[in-house]
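Enquirer: One file is attached below, entry24.tsv, containing TSV, C-alpha atoms.
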```
chain	number	residue	atom	x	y	z
A	1	MET	CA	4.44	109.55	88.81
A	2	VAL	CA	6.28	112.46	90.53
A	3	TRP	CA	9.07	112.06	93.04
A	4	VAL	CA	8.67	114.21	96.14
A	5	PRO	CA	11.67	114.69	98.47
A	6	LEU	CA	10.97	113.28	101.90
A	7	ARG	CA	13.74	115.04	103.80
A	8	PRO	CA	14.81	118.23	102.04
A	9	THR	CA	18.19	119.47	103.36
A	10	ARG	CA	18.94	122.45	101.17
A	11	THR	CA	15.97	124.77	100.93
A	12	ASP	CA	17.95	127.47	99.19
A	13	ARG	CA	18.25	125.37	96.06
A	14	ARG	CA	14.65	124.28	95.63
A	15	ALA	CA	11.34	126.03	95.45
A	16	PRO	CA	8.55	124.67	97.65
A	17	LEU	CA	6.37	121.96	96.14
A	18	HIS	CA	2.73	122.52	95.47
A	19	ALA	CA	0.42	120.15	97.23
A	20	PRO	CA	-1.26	117.64	94.89
A	21	THR	CA	-4.84	118.40	94.05
A	22	HIS	CA	-5.56	115.14	92.15
A	23	CYS	CA	-4.13	111.65	91.61
A	24	GLY	CA	-2.05	112.84	88.64
A	25	THR	CA	0.18	115.22	90.72
A	26	THR	CA	2.55	117.41	88.65
A	27	MET	CA	5.70	119.28	89.55
A	28	SER	CA	5.50	123.02	89.57
A	29	LEU	CA	7.47	124.83	86.96
A	30	GLU	CA	9.13	126.87	89.72
A	31	TRP	CA	10.57	123.71	91.32
A	32	LEU	CA	12.03	122.59	88.00
A	33	MET	CA	13.51	125.99	87.19
A	34	GLY	CA	14.93	126.46	90.66
A	35	TRP	CA	16.75	123.16	90.86
A	36	SER	CA	20.54	123.45	90.70
A	37	TRP	CA	22.22	120.33	89.45
A	38	SER	CA	25.30	120.66	91.59
A	39	LEU	CA	27.13	117.75	93.14
A	40	ASP	CA	25.40	118.43	96.44
A	41	GLY	CA	21.99	118.42	94.76
A	42	LEU	CA	22.78	115.14	92.99
A	43	ARG	CA	23.90	113.63	96.30
A	44	ASP	CA	20.67	114.69	97.97
A	45	PHE	CA	18.66	113.37	95.02
A	46	ILE	CA	20.24	109.91	95.28
A	47	ALA	CA	19.95	109.82	99.06
A	48	THR	CA	16.31	110.79	98.97
A	49	GLY	CA	15.62	108.20	96.29
A	50	ILE	CA	17.15	105.47	98.41
A	51	GLN	CA	15.11	106.55	101.40
A	52	SER	CA	11.95	106.59	99.29
A	53	PHE	CA	12.64	103.03	98.18
A	54	ARG	CA	13.17	101.94	101.78
A	55	ASP	CA	9.89	103.49	102.79
A	56	CYS	CA	7.93	101.69	100.05
A	57	ASP	CA	5.37	99.12	101.08
A	58	ALA	CA	6.76	95.58	100.67
A	59	THR	CA	3.33	94.36	99.53
A	60	ALA	CA	3.27	96.91	96.70
A	61	LEU	CA	6.75	95.84	95.58
A	62	ALA	CA	5.68	92.19	95.55
A	63	ALA	CA	2.61	93.07	93.47
A	64	VAL	CA	4.72	94.98	90.93
A	65	ALA	CA	7.14	92.04	90.70
A	66	CYS	CA	4.25	89.65	90.05
A	67	PHE	CA	2.91	91.89	87.29
A	68	LEU	CA	6.34	92.00	85.65
A	69	VAL	CA	6.63	88.20	85.73
A	70	LEU	CA	3.17	87.84	84.20
A	71	PHE	CA	4.02	90.37	81.49
A	72	VAL	CA	7.23	88.53	80.55
A	73	TRP	CA	5.33	85.22	80.43
A	74	TYR	CA	2.64	86.77	78.21
A	75	CYS	CA	5.24	88.17	75.78
A	76	TYR	CA	6.92	84.77	75.57
A	77	HIS	CA	3.62	82.98	74.98
A	78	VAL	CA	2.48	85.39	72.25
A	79	GLY	CA	5.86	85.31	70.55
A	80	ARG	CA	5.89	81.53	70.50
A	81	GLU	CA	2.48	81.41	68.83
A	82	GLN	CA	3.45	83.68	65.94
A	83	PRO	CA	3.16	82.00	62.50
A	84	ARG	CA	6.40	81.03	60.80
A	85	ALA	CA	6.78	83.11	57.68
A	86	TYR	CA	9.79	81.05	56.72
A	87	THR	CA	11.85	78.49	58.54
A	88	THR	CA	15.38	77.72	57.50
A	89	VAL	CA	16.63	74.22	56.83
A	90	ASN	CA	18.72	74.52	60.00
A	91	ALA	CA	15.55	74.86	62.07
A	92	LEU	CA	14.02	71.91	60.25
A	93	MET	CA	17.09	69.80	61.03
A	94	GLN	CA	16.80	70.53	64.71
A	95	SER	CA	13.08	69.75	64.62
A	96	ALA	CA	13.63	66.48	62.77
A	97	GLU	CA	16.32	65.32	65.18
A	98	ALA	CA	14.18	66.25	68.16
A	99	ASN	CA	11.29	64.22	66.74
A	100	GLY	CA	13.49	61.19	66.10
A	101	VAL	CA	13.15	60.94	62.33
A	102	GLN	CA	14.97	57.78	61.41
A	103	ASN	CA	17.39	58.27	58.52
A	104	GLY	CA	15.40	61.36	57.64
A	105	TYR	CA	12.86	59.67	55.41
A	106	VAL	CA	9.26	60.56	56.11
A	107	TYR	CA	7.12	57.63	55.08
A	108	CYS	CA	3.40	58.13	55.53
A	109	HIS	CA	1.59	55.50	57.58
A	110	SER	CA	-1.38	57.64	58.59
A	111	PRO	CA	-4.76	57.52	56.82
A	112	GLU	CA	-5.13	61.24	57.61
A	113	CYS	CA	-2.03	62.42	55.73
A	114	VAL	CA	-3.04	65.31	53.46
A	115	ARG	CA	-0.38	64.50	50.92
A	116	CYS	CA	-0.77	60.76	50.47
A	117	THR	CA	-4.47	60.16	51.12
A	118	HIS	CA	-7.36	60.97	48.83
A	119	HIS	CA	-10.76	60.71	50.47
A	120	ASP	CA	-13.89	62.74	51.07
A	121	GLY	CA	-12.79	63.86	54.53
A	122	LEU	CA	-9.69	65.65	53.23
A	123	ASN	CA	-11.53	68.86	52.32
A	124	GLN	CA	-13.12	69.01	55.77
A	125	LYS	CA	-9.70	68.60	57.36
A	126	LEU	CA	-8.23	71.39	55.22
A	127	TYR	CA	-11.16	73.68	56.01
A	128	HIS	CA	-10.73	72.99	59.71
A	129	ASN	CA	-7.04	73.91	59.44
A	130	LEU	CA	-7.93	77.12	57.60
A	131	GLN	CA	-10.49	78.07	60.26
A	132	GLU	CA	-7.94	77.42	62.99
A	133	TYR	CA	-5.40	79.63	61.21
A	134	ALA	CA	-7.91	82.45	60.68
A	135	LYS	CA	-9.04	82.24	64.31
A	136	ARG	CA	-5.46	82.65	65.52
A	137	TYR	CA	-4.41	85.29	63.02
A	138	SER	CA	-6.70	86.71	60.32
A	139	TRP	CA	-9.02	85.99	57.41
A	140	SER	CA	-7.34	88.79	55.47
A	141	GLY	CA	-6.01	87.56	52.13
A	142	MET	CA	-7.55	84.11	52.55
A	143	GLY	CA	-10.23	84.47	49.85
A	144	ARG	CA	-8.48	82.39	47.21
A	145	ILE	CA	-7.49	79.63	49.66
A	146	HIS	CA	-11.02	79.55	51.09
A	147	LYS	CA	-12.46	79.29	47.60
A	148	GLY	CA	-10.02	76.54	46.67
A	149	ILE	CA	-10.76	74.42	49.74
A	150	ARG	CA	-14.53	74.93	49.48
A	151	GLU	CA	-14.63	73.72	45.87
A	152	GLN	CA	-11.57	71.46	45.87
A	153	GLY	CA	-13.45	68.37	44.73
A	154	ARG	CA	-14.90	70.17	41.72
A	155	TYR	CA	-11.54	71.69	40.79
A	156	LEU	CA	-9.68	68.38	40.90
A	157	ASN	CA	-12.36	66.41	39.08
A	158	SER	CA	-13.00	68.98	36.35
A	159	ARG	CA	-9.40	69.87	35.54
A	160	PRO	CA	-8.21	69.01	32.02
A	161	SER	CA	-6.02	65.92	31.87
A	162	ILE	CA	-2.96	68.03	31.03
A	163	GLN	CA	-2.94	69.58	34.54
A	164	LYS	CA	-4.47	67.77	37.48
A	165	PRO	CA	-2.74	68.20	40.86
A	166	GLU	CA	-3.44	65.23	43.07
A	167	VAL	CA	-3.93	66.93	46.45
A	168	PHE	CA	-4.56	70.69	46.35
A	169	PHE	CA	-5.41	73.14	43.57
A	170	LEU	CA	-5.23	76.89	44.25
A	171	PRO	CA	-7.56	78.68	41.80
A	172	ASP	CA	-6.73	81.75	39.73
A	173	LEU	CA	-2.99	81.09	39.43
A	174	PRO	CA	-1.41	81.67	36.00
A	175	THR	CA	-0.95	78.33	34.31
A	176	THR	CA	2.00	77.31	32.16
A	177	PRO	CA	4.11	74.14	31.95
A	178	TYR	CA	7.45	76.02	32.08
A	179	PHE	CA	8.47	79.26	33.78
A	180	SER	CA	11.11	81.75	32.75
A	181	ARG	CA	14.19	82.25	34.88
A	182	ASP	CA	12.85	85.63	35.96
A	183	ALA	CA	9.99	83.97	37.84
A	184	GLN	CA	12.36	83.44	40.78
A	185	LYS	CA	15.41	85.32	39.56
A	186	HIS	CA	17.25	85.66	42.87
A	187	ASP	CA	17.11	81.96	43.71
A	188	VAL	CA	17.92	80.85	40.17
A	189	GLU	CA	21.03	83.02	40.03
A	190	LEU	CA	22.11	81.90	43.49
A	191	LEU	CA	21.82	78.23	42.57
A	192	GLU	CA	23.70	78.72	39.32
A	193	ARG	CA	26.53	80.59	41.05
A	194	ASN	CA	26.92	77.61	43.39
A	195	PHE	CA	26.82	74.98	40.64
A	196	GLN	CA	30.39	73.78	41.26
A	197	THR	CA	29.82	73.53	45.01
A	198	ILE	CA	26.77	71.29	44.60
A	199	LEU	CA	28.48	69.22	41.90
A	200	CYS	CA	31.52	68.55	44.09
A	201	GLU	CA	29.38	67.35	46.97
A	202	PHE	CA	27.42	65.10	44.61
A	203	GLU	CA	30.59	63.54	43.21
A	204	THR	CA	31.76	62.77	46.73
A	205	LEU	CA	28.43	61.07	47.47
A	206	TYR	CA	28.39	59.17	44.19
A	207	LYS	CA	31.68	57.41	44.91
A	208	ALA	CA	29.73	55.20	47.32
A	209	PHE	CA	28.01	53.59	44.32
A	210	SER	CA	31.17	51.59	43.56
A	211	ASN	CA	29.74	48.60	45.44
A	212	CYS	CA	26.52	46.79	44.58
A	213	SER	CA	24.36	47.77	47.53
A	214	LEU	CA	22.34	50.99	47.71
A	215	PRO	CA	24.43	53.52	49.68
A	216	GLN	CA	23.02	54.87	52.91
A	217	GLY	CA	20.83	57.94	52.48
A	218	TRP	CA	19.86	57.17	48.87
A	219	LYS	CA	16.37	56.12	47.89
A	220	MET	CA	15.44	54.03	44.85
A	221	ASN	CA	12.20	55.01	43.10
A	222	SER	CA	10.01	52.70	41.02
A	223	THR	CA	10.26	53.17	37.25
A	224	PRO	CA	9.06	51.17	34.21
A	225	SER	CA	12.69	50.73	33.17
A	226	GLY	CA	16.14	51.67	34.39
A	227	GLU	CA	17.10	53.12	37.77
A	228	TRP	CA	16.11	56.39	39.42
A	229	PHE	CA	17.85	57.37	42.66
A	230	THR	CA	17.22	60.36	44.92
A	231	PHE	CA	19.23	61.78	47.82
A	232	TYR	CA	16.90	63.98	49.90
A	233	LEU	CA	17.95	66.94	51.99
A	234	VAL	CA	14.31	67.93	52.57
A	235	ASN	CA	11.55	65.38	52.03
A	236	GLN	CA	7.90	66.49	52.26
A	237	GLY	CA	8.77	69.46	54.44
A	238	MET	CA	10.96	67.45	56.81
A	239	CYS	CA	14.72	67.78	56.86
A	240	VAL	CA	16.99	64.74	56.55
A	241	PRO	CA	19.64	65.50	59.18
A	242	ARG	CA	22.12	62.77	58.25
A	243	ASN	CA	22.02	63.67	54.56
A	244	CYS	CA	22.35	67.39	55.26
A	245	ARG	CA	25.50	66.74	57.28
A	246	ARG	CA	26.98	64.97	54.26
A	247	CYS	CA	26.24	67.98	52.02
A	248	PRO	CA	26.94	70.90	54.38
A	249	ARG	CA	27.51	73.60	51.75
A	250	THR	CA	24.44	72.64	49.74
A	251	TYR	CA	22.44	72.55	52.95
A	252	ARG	CA	23.57	76.07	53.88
A	253	LEU	CA	22.69	77.23	50.39
A	254	LEU	CA	19.07	76.17	50.89
A	255	GLY	CA	18.82	78.55	53.82
A	256	SER	CA	19.80	81.43	51.52
A	257	LEU	CA	17.01	80.82	49.01
A	258	ARG	CA	14.18	83.34	49.40
A	259	THR	CA	11.36	81.22	47.98
A	260	CYS	CA	12.30	77.67	48.96
A	261	ILE	CA	9.32	75.76	50.38
A	262	GLY	CA	10.74	74.41	53.60
A	263	ASN	CA	7.75	74.50	55.89
A	264	ASN	CA	5.02	72.30	54.44
A	265	VAL	CA	4.51	68.88	52.91
A	266	PHE	CA	4.88	70.21	49.35
A	267	GLY	CA	8.52	71.21	49.87
A	268	ASN	CA	11.41	69.01	48.75
A	269	ALA	CA	15.09	69.35	47.95
A	270	CYS	CA	17.16	66.47	46.61
A	271	ILE	CA	19.73	65.22	44.14
A	272	SER	CA	18.02	63.19	41.41
A	273	VAL	CA	19.97	60.63	39.36
A	274	LEU	CA	18.74	58.81	36.23
A	275	SER	CA	20.88	55.98	34.91
A	276	PRO	CA	21.02	55.35	31.14
A	277	GLY	CA	17.91	53.58	29.86
A	278	THR	CA	15.62	54.98	32.55
A	279	VAL	CA	12.09	56.19	31.88
A	280	ILE	CA	9.98	57.83	34.60
A	281	ALA	CA	6.29	57.09	34.15
A	282	GLU	CA	3.99	60.05	33.41
A	283	HIS	CA	2.54	61.49	36.60
A	284	TYR	CA	1.14	64.64	38.24
A	285	GLY	CA	2.56	66.53	41.19
A	286	PRO	CA	0.43	67.15	44.29
A	287	THR	CA	-0.22	70.90	43.89
A	288	ASN	CA	0.08	73.97	41.68
A	289	ILE	CA	1.28	76.32	44.46
A	290	ARG	CA	4.92	75.50	43.72
A	291	ILE	CA	7.31	75.49	40.80
A	292	ARG	CA	9.98	72.84	40.62
A	293	CYS	CA	13.53	73.93	39.88
A	294	HIS	CA	16.10	71.57	38.31
A	295	LEU	CA	19.74	72.67	38.34
A	296	GLY	CA	21.63	70.56	35.82
A	297	LEU	CA	24.73	68.89	37.31
A	298	LYS	CA	25.44	66.22	34.69
A	299	THR	CA	23.39	66.32	31.50
A	300	PRO	CA	24.41	63.83	28.79
A	301	SER	CA	22.74	63.91	25.40
A	302	ASN	CA	19.49	62.03	24.76
A	303	CYS	CA	17.96	63.15	28.07
A	304	GLU	CA	14.64	65.01	28.11
A	305	LEU	CA	12.00	66.39	30.42
A	306	VAL	CA	8.46	66.57	28.99
A	307	VAL	CA	5.90	68.73	30.82
A	308	GLY	CA	2.39	69.20	29.44
A	309	GLY	CA	3.53	67.65	26.17
A	310	GLU	CA	6.38	70.17	25.73
A	311	PRO	CA	9.93	68.70	25.72
A	312	GLN	CA	12.93	70.50	27.21
A	313	CYS	CA	16.55	69.51	27.75
A	314	TRP	CA	18.67	70.21	30.82
A	315	ALA	CA	21.95	72.11	30.65
A	316	GLU	CA	24.82	71.86	33.10
A	317	GLY	CA	24.95	74.82	35.46
A	318	ARG	CA	21.55	76.12	34.34
A	319	CYS	CA	18.16	76.02	36.06
A	320	LEU	CA	14.98	74.72	34.46
A	321	LEU	CA	11.68	75.79	36.09
A	322	PHE	CA	8.40	73.95	35.55
A	323	ASP	CA	5.00	73.33	37.10
A	324	ASP	CA	4.92	69.66	38.06
A	325	SER	CA	1.12	69.70	38.53
A	326	PHE	CA	1.10	69.25	34.73
A	327	LEU	CA	1.43	65.73	33.39
A	328	HIS	CA	5.17	65.17	33.09
A	329	THR	CA	7.81	62.55	32.50
A	330	ALA	CA	11.58	62.30	32.11
A	331	PHE	CA	13.89	59.84	30.42
A	332	HIS	CA	17.54	59.09	29.73
A	333	GLU	CA	18.04	57.27	26.44
A	334	GLY	CA	21.81	57.61	26.34
A	335	ALA	CA	24.37	54.84	26.21
A	336	PRO	CA	25.88	53.36	29.41
A	337	GLU	CA	29.19	55.11	28.72
A	338	ASP	CA	27.37	58.48	28.78
A	339	GLY	CA	26.92	58.20	32.52
A	340	PRO	CA	23.89	59.29	34.60
A	341	ARG	CA	21.77	62.38	34.25
A	342	VAL	CA	22.01	64.32	37.52
A	343	VAL	CA	20.03	67.38	38.67
A	344	PHE	CA	19.64	69.18	41.97
A	345	MET	CA	15.92	69.59	42.53
A	346	VAL	CA	14.29	72.13	44.86
A	347	ASP	CA	10.67	73.27	45.20
A	348	LEU	CA	10.04	77.04	45.11
A	349	TRP	CA	6.86	79.02	45.69
A	350	HIS	CA	4.78	79.87	42.66
A	351	PRO	CA	5.52	83.59	42.09
A	352	ASN	CA	1.81	84.51	42.17
A	353	VAL	CA	1.13	83.03	45.61
A	354	ALA	CA	1.03	86.04	47.97
A	355	ALA	CA	3.02	86.23	51.20
A	356	ALA	CA	-0.11	85.96	53.37
A	357	GLU	CA	-1.21	82.89	51.40
A	358	ARG	CA	2.21	81.26	51.80
A	359	GLN	CA	2.04	81.75	55.54
A	360	ALA	CA	-1.44	80.23	55.72
A	361	LEU	CA	-0.53	77.29	53.45
A	362	ASP	CA	2.50	76.55	55.63
A	363	PHE	CA	0.11	76.32	58.59
A	364	ILE	CA	-2.56	74.26	56.79
A	365	PHE	CA	-0.11	71.78	55.24
A	366	ALA	CA	2.46	71.65	58.03
A	367	PRO	CA	4.12	68.20	58.27
A	368	GLY	CA	2.16	65.97	60.62
A	369	ARG	CA	-0.89	68.24	60.77
```
Could you write out this file's structure as structure tokens?
Expert:
Amino acid sequence: MVWVPLRPTRTDRRAPLHAPTHCGTTMSLEWLMGWSWSLDGLRDFIATGIQSFRDCDATALAAVACFLVLFVWYCYHVGREQPRAYTTVNALMQSAEANGVQNGYVYCHSPECVRCTHHDGLNQKLYHNLQEYAKRYSWSGMGRIHKGIREQGRYLNSRPSIQKPEVFFLPDLPTTPYFSRDAQKHDVELLERNFQTILCEFETLYKAFSNCSLPQGWKMNSTPSGEWFTFYLVNQGMCVPRNCRRCPRTYRLLGSLRTCIGNNVFGNACISVLSPGTVIAEHYGPTNIRIRCHLGLKTPSNCELVVGGEPQCWAEGRCLLFDDSFLHTAFHEGAPEDGPRVVFMVDLWHPNVAAAERQALDFIFAPGR
């Protein structure tokens, strides 16, 4: 669009304008070269601009304003619909509080829960979620997930007994009971550097065990023998606001982890305590898309983790990574005076799950979907 002076006052400073010959009118080079940017010229420029604005049609201005409002609304709507590549624990806390999660624990009472229910309709539900995701965004990079959902029943039923995830198996992932520290090097090193911080917050929490009742925020899990307690910061992809406020530095640390699963039902973060004489029954995790990280906080002797038949011991201040879709168990055979075995547990993405797949899996297995 070209501005044309309506009331020229100084003809000596400007060359005459050429009449427009089409809708895309252009200034003549002579007019541009002849313009003198003096104070008088600037004054005339501003005055003419104001007059041009006054002469504009009010209807045209209203139409432009309406288009601007519609454009802003469209940008907001599209931005709100973008998939969440990663959501911090802080965002999860706000979401949980807004949804009224009581005491933070997410107990499943729905027959349609993808994590806790095993029935023939589950695969159809997952496929519907995948189709919805692809319709909104893209099928690009979804080949392995599509293959896994399409043949999920065969995968779960034909898996060897050593590895049999209970809910979802992603095909073509490297399989091993334990992972090296380099699998998620950044997060492992970050957790280990903050070992003392997490330990101090645990010790503050553990003082509440001086009385006989179960302290608020702790959960007791069923075991064949002994006692197994957990204190969740994130439980099945949902944050526990009250517990996070009691461990503020550990909670902030979760937001700094690059590969923490914080956006779907397979993500957890908690403090896990085994009292002496406790044995956890052998069991499988729900999926192979994650690796479970244990940071040792208190590790007495005679404590072991066995994954896929391979035993390992925890070490204080060190991370142990394993695939909990393998058959696994843990036990503490120490004496009462040895005290509890304590680890900080957090679920991380399997290193061979691509970024596009992580985004889609967050959508498919979002809490409450």
Enquirer: Could you give me, as a ChimeraX atom specification, the residues within 12 Å of region 307-319 of chain A, counting only C-alpha atoms and dropping anything in the same chain fewer than 6 positions from it?
Expert: /A:160-164,175-199,282-285,291-301,325-332,341-346
Enquirer: Would you mind exporting the chosen residues as an mmCIF file, in the coordinates of the input, restricted to C-alpha atoms?
Expert:
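Okay, this is what ended up in selection.cif:
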```cif
data_model
loop_
_atom_site.group_PDB
_atom_site.id
_atom_site.type_symbol
_atom_site.label_atom_id
_atom_site.label_comp_id
_atom_site.auth_asym_id
_atom_site.auth_seq_id
_atom_site.Cartn_x
_atom_site.Cartn_y
_atom_site.Cartn_z
ATOM 1 C CA PRO A 160 -8.210 69.010 32.020
ATOM 2 C CA SER A 161 -6.020 65.920 31.870
ATOM 3 C CA ILE A 162 -2.960 68.030 31.030
ATOM 4 C CA GLN A 163 -2.940 69.580 34.540
ATOM 5 C CA LYS A 164 -4.470 67.770 37.480
ATOM 6 C CA THR A 175 -0.950 78.330 34.310
ATOM 7 C CA THR A 176 2.000 77.310 32.160
ATOM 8 C CA PRO A 177 4.110 74.140 31.950
ATOM 9 C CA TYR A 178 7.450 76.020 32.080
ATOM 10 C CA PHE A 179 8.470 79.260 33.780
ATOM 11 C CA SER A 180 11.110 81.750 32.750
ATOM 12 C CA ARG A 181 14.190 82.250 34.880
ATOM 13 C CA ASP A 182 12.850 85.630 35.960
ATOM 14 C CA ALA A 183 9.990 83.970 37.840
ATOM 15 C CA GLN A 184 12.360 83.440 40.780
ATOM 16 C CA LYS A 185 15.410 85.320 39.560
ATOM 17 C CA HIS A 186 17.250 85.660 42.870
ATOM 18 C CA ASP A 187 17.110 81.960 43.710
ATOM 19 C CA VAL A 188 17.920 80.850 40.170
ATOM 20 C CA GLU A 189 21.030 83.020 40.030
ATOM 21 C CA LEU A 190 22.110 81.900 43.490
ATOM 22 C CA LEU A 191 21.820 78.230 42.570
ATOM 23 C CA GLU A 192 23.700 78.720 39.320
ATOM 24 C CA ARG A 193 26.530 80.590 41.050
ATOM 25 C CA ASN A 194 26.920 77.610 43.390
ATOM 26 C CA PHE A 195 26.820 74.980 40.640
ATOM 27 C CA GLN A 196 30.390 73.780 41.260
ATOM 28 C CA THR A 197 29.820 73.530 45.010
ATOM 29 C CA ILE A 198 26.770 71.290 44.600
ATOM 30 C CA LEU A 199 28.480 69.220 41.900
ATOM 31 C CA GLU A 282 3.990 60.050 33.410
ATOM 32 C CA HIS A 283 2.540 61.490 36.600
ATOM 33 C CA TYR A 284 1.140 64.640 38.240
ATOM 34 C CA GLY A 285 2.560 66.530 41.190
ATOM 35 C CA ILE A 291 7.310 75.490 40.800
ATOM 36 C CA ARG A 292 9.980 72.840 40.620
ATOM 37 C CA CYS A 293 13.530 73.930 39.880
ATOM 38 C CA HIS A 294 16.100 71.570 38.310
ATOM 39 C CA LEU A 295 19.740 72.670 38.340
ATOM 40 C CA GLY A 296 21.630 70.560 35.820
ATOM 41 C CA LEU A 297 24.730 68.890 37.310
ATOM 42 C CA LYS A 298 25.440 66.220 34.690
ATOM 43 C CA THR A 299 23.390 66.320 31.500
ATOM 44 C CA PRO A 300 24.410 63.830 28.790
ATOM 45 C CA SER A 301 22.740 63.910 25.400
ATOM 46 C CA SER A 325 1.120 69.700 38.530
ATOM 47 C CA PHE A 326 1.100 69.250 34.730
ATOM 48 C CA LEU A 327 1.430 65.730 33.390
ATOM 49 C CA HIS A 328 5.170 65.170 33.090
ATOM 50 C CA THR A 329 7.810 62.550 32.500
ATOM 51 C CA ALA A 330 11.580 62.300 32.110
ATOM 52 C CA PHE A 331 13.890 59.840 30.420
ATOM 53 C CA HIS A 332 17.540 59.090 29.730
ATOM 54 C CA ARG A 341 21.770 62.380 34.250
ATOM 55 C CA VAL A 342 22.010 64.320 37.520
ATOM 56 C CA VAL A 343 20.030 67.380 38.670
ATOM 57 C CA PHE A 344 19.640 69.180 41.970
ATOM 58 C CA MET A 345 15.920 69.590 42.530
ATOM 59 C CA VAL A 346 14.290 72.130 44.860
#
```
Enquirer: Figure out the distance between CA of Arg290 (chain A) and CA of Tyr232 (chain A), please, to one decimal in Å.
Expert: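 Between CA of Tyr232 (chain A) and CA of Arg290 (chain A) the gap is 17.7 Å.
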Enquirer: Check the smallest atom-to-atom distance from each of A:Leu68, A:Leu170, A:Ile46, A:Met220 to His350 (chain A) using all atoms listed in the file, then report the winner.
Expert: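 Smallest separation from His350 (chain A) among the options: A:Leu170.
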Enquirer: Residues of region 203-314 of chain A within 8 Å of region 366-369 of chain A: nearest atom pair and distance (Å, one decimal) for each, counting only C-alpha atoms, sorted by chain and number, as a Markdown table?
Expert:
```
| residue | atom | partner | partner_atom | distance |
| --- | --- | --- | --- | --- |
| A:Gln236 | CA | A:Pro367 | CA | 7.3 |
| A:Gly237 | CA | A:Pro367 | CA | 6.2 |
| A:Met238 | CA | A:Pro367 | CA | 7.0 |
| A:Asn263 | CA | A:Ala366 | CA | 6.4 |
| A:Asn264 | CA | A:Ala366 | CA | 4.5 |
| A:Val265 | CA | A:Pro367 | CA | 5.4 |
```
Enquirer: Could you tell me which of A:Pro171, A:Tyr251, A:Glu132, A:Gly334 comes closest to Asn302 (chain A) if we count only C-alpha atoms?
Expert: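 For Asn302 (chain A), the nearest of the given residues is A:Gly334.
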Enquirer: Which residues are near Asp347 (chain A)? Cut-off 10 Å, all atoms listed in the file, ignore same chain within fewer than 5 positions. Put them as JSON, numbers by chain.
Expert: {"A": [234, 259, 260, 261, 262, 266, 267, 268, 269, 270, 289, 290, 291, 292, 293, 294, 321, 322, 323, 324]}
Enquirer: Do you have the CA of Glu201 (chain A)-CA of Asn235 (chain A) distance handy?
Expert: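 It comes out at 18.6 Å.
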Enquirer: CA of Glu357 (chain A) and CA of Ser256 (chain A) are how many Å apart?
Expert: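 If I compute the distance from CA of Glu357 (chain A) to CA of Ser256 (chain A), I get 21.1 Å.
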